[in-house]
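These notes concern the structure reproduced below.
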Amino acid sequence: MTLPPPPEAYSRFVERFPGLGDAWRRIADAGRTGPIDERTARLIKLAVAIGCAKEGAVHASARKARALGIPADEIEQVVALAAGTIGLPGTVAAYTWVRDVLEP
């Protein structure tokens, strides 16, 4: 998979703090080890980002999901599934973050 380029703020941060950038890449690599396929892992990461109310991580996960070819309706269903756990206000916020990516 060819990932979309990271946001400029991320690039500037890891340029300023390369050790943290290297550590982050090692953590990400370690998390990919296991039986879960890349597509499922991407949807799980989107769900976790939604549950934690991390707008930037939701944006990144949605961008990466689209780069994997995951359809918009599946990405939106992940948002809908969060409603029972995080409540309607948080779900609507997450929906707007996902729509930021799906409707640039």
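Residue numbers start at 1 in each chain; chains themselves are named A, B, ... in the order of the structure tokens; ligands are numbered from 1 in the order shown.
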>> When DSSP is applied to the backbone of this structure, which of chain A are assigned alpha helix (DSSP H)? Write them out as a PyMOL selection string.
In response: chain A and resi 8-16+18-31+38-51+55-67+72-86+88-102
For the residues selected in the previous step, produce a file with C-alpha atoms as an mmCIF file, in the first residue's frame.
```cif
data_model
loop_
_atom_site.group_PDB
_atom_site.id
_atom_site.type_symbol
_atom_site.label_atom_id
_atom_site.label_comp_id
_atom_site.auth_asym_id
_atom_site.auth_seq_id
_atom_site.Cartn_x
_atom_site.Cartn_y
_atom_site.Cartn_z
ATOM 1 C CA GLU A 8 3.253 18.864 7.374
ATOM 2 C CA ALA A 9 3.049 19.315 11.155
ATOM 3 C CA TYR A 10 3.972 15.645 11.675
ATOM 4 C CA SER A 11 6.878 15.904 9.250
ATOM 5 C CA ARG A 12 8.199 19.020 10.977
ATOM 6 C CA PHE A 13 7.852 17.387 14.403
ATOM 7 C CA VAL A 14 9.794 14.224 13.493
ATOM 8 C CA GLU A 15 12.411 16.330 11.740
ATOM 9 C CA ARG A 16 12.866 18.292 14.965
ATOM 10 C CA PRO A 18 14.015 12.284 15.024
ATOM 11 C CA GLY A 19 14.359 9.898 17.973
ATOM 12 C CA LEU A 20 10.641 10.157 18.685
ATOM 13 C CA GLY A 21 9.906 9.612 14.991
ATOM 14 C CA ASP A 22 12.042 6.449 14.996
ATOM 15 C CA ALA A 23 10.389 5.193 18.194
ATOM 16 C CA TRP A 24 6.927 5.827 16.734
ATOM 17 C CA ARG A 25 7.798 3.844 13.587
ATOM 18 C CA ARG A 26 9.081 0.923 15.710
ATOM 19 C CA ILE A 27 5.863 0.930 17.758
ATOM 20 C CA ALA A 28 3.770 0.938 14.571
ATOM 21 C CA ASP A 29 5.850 -1.885 13.074
ATOM 22 C CA ALA A 30 5.510 -3.975 16.236
ATOM 23 C CA GLY A 31 1.730 -3.514 16.241
ATOM 24 C CA GLU A 38 -3.976 -4.695 7.144
ATOM 25 C CA ARG A 39 -7.527 -3.767 6.136
ATOM 26 C CA THR A 40 -9.062 -4.944 9.415
ATOM 27 C CA ALA A 41 -6.253 -3.337 11.397
ATOM 28 C CA ARG A 42 -6.914 -0.008 9.681
ATOM 29 C CA LEU A 43 -10.616 -0.116 10.615
ATOM 30 C CA ILE A 44 -9.719 -1.041 14.203
ATOM 31 C CA LYS A 45 -7.281 1.860 14.387
ATOM 32 C CA LEU A 46 -10.009 4.175 13.092
ATOM 33 C CA ALA A 47 -12.378 2.894 15.778
ATOM 34 C CA VAL A 48 -9.785 3.398 18.514
ATOM 35 C CA ALA A 49 -9.078 6.936 17.301
ATOM 36 C CA ILE A 50 -12.814 7.683 17.358
ATOM 37 C CA GLY A 51 -13.183 6.236 20.860
ATOM 38 C CA GLU A 55 -9.272 14.244 15.662
ATOM 39 C CA GLY A 56 -5.861 14.040 14.014
ATOM 40 C CA ALA A 57 -5.747 10.259 14.375
ATOM 41 C CA VAL A 58 -9.271 9.970 12.921
ATOM 42 C CA HIS A 59 -8.174 12.076 9.943
ATOM 43 C CA ALA A 60 -5.036 9.955 9.472
ATOM 44 C CA SER A 61 -6.900 6.657 9.845
ATOM 45 C CA ALA A 62 -9.578 7.726 7.371
ATOM 46 C CA ARG A 63 -6.924 8.866 4.844
ATOM 47 C CA LYS A 64 -5.058 5.576 5.213
ATOM 48 C CA ALA A 65 -8.292 3.574 4.959
ATOM 49 C CA ARG A 66 -9.135 5.299 1.678
ATOM 50 C CA ALA A 67 -5.588 4.630 0.425
ATOM 51 C CA ALA A 72 -16.523 5.501 2.347
ATOM 52 C CA ASP A 73 -19.639 3.655 3.515
ATOM 53 C CA GLU A 74 -17.535 1.175 5.508
ATOM 54 C CA ILE A 75 -15.561 4.011 7.097
ATOM 55 C CA GLU A 76 -18.823 5.731 8.013
ATOM 56 C CA GLN A 77 -20.180 2.491 9.499
ATOM 57 C CA VAL A 78 -17.228 2.418 11.904
ATOM 58 C CA VAL A 79 -18.352 5.861 13.059
ATOM 59 C CA ALA A 80 -21.947 4.671 13.453
ATOM 60 C CA LEU A 81 -20.840 1.633 15.461
ATOM 61 C CA ALA A 82 -19.166 3.969 17.965
ATOM 62 C CA ALA A 83 -22.464 5.646 18.886
ATOM 63 C CA GLY A 84 -23.513 3.050 21.449
ATOM 64 C CA THR A 85 -20.207 3.380 23.261
ATOM 65 C CA ILE A 86 -19.238 7.054 23.015
ATOM 66 C CA LEU A 88 -24.206 10.823 19.994
ATOM 67 C CA PRO A 89 -22.214 14.065 20.482
ATOM 68 C CA GLY A 90 -18.873 12.244 20.207
ATOM 69 C CA THR A 91 -20.127 10.243 17.257
ATOM 70 C CA VAL A 92 -21.276 13.340 15.402
ATOM 71 C CA ALA A 93 -17.892 14.955 16.063
ATOM 72 C CA ALA A 94 -16.124 11.863 14.692
ATOM 73 C CA TYR A 95 -18.438 11.895 11.681
ATOM 74 C CA THR A 96 -17.386 15.456 10.878
ATOM 75 C CA TRP A 97 -13.709 14.445 11.149
ATOM 76 C CA VAL A 98 -14.235 11.538 8.779
ATOM 77 C CA ARG A 99 -16.166 13.759 6.382
ATOM 78 C CA ASP A 100 -13.197 16.189 6.401
ATOM 79 C CA VAL A 101 -11.276 13.420 4.646
ATOM 80 C CA LEU A 102 -14.039 11.981 2.506
#
```
> If you measure from atom CA of A:Pro104 to atom CA of A:Pro7, what distance in Å do you get, rounded to one decimal?
Replying inline: 14.2 Å
>> So the first atom is atom CA of A:Gly87 and the second is atom CA of A:Ala53; what is the distance between them in Å, to one decimal place?
In response: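 Going from atom CA of A:Gly87 over to atom CA of A:Ala53, I get 11.6 Å.
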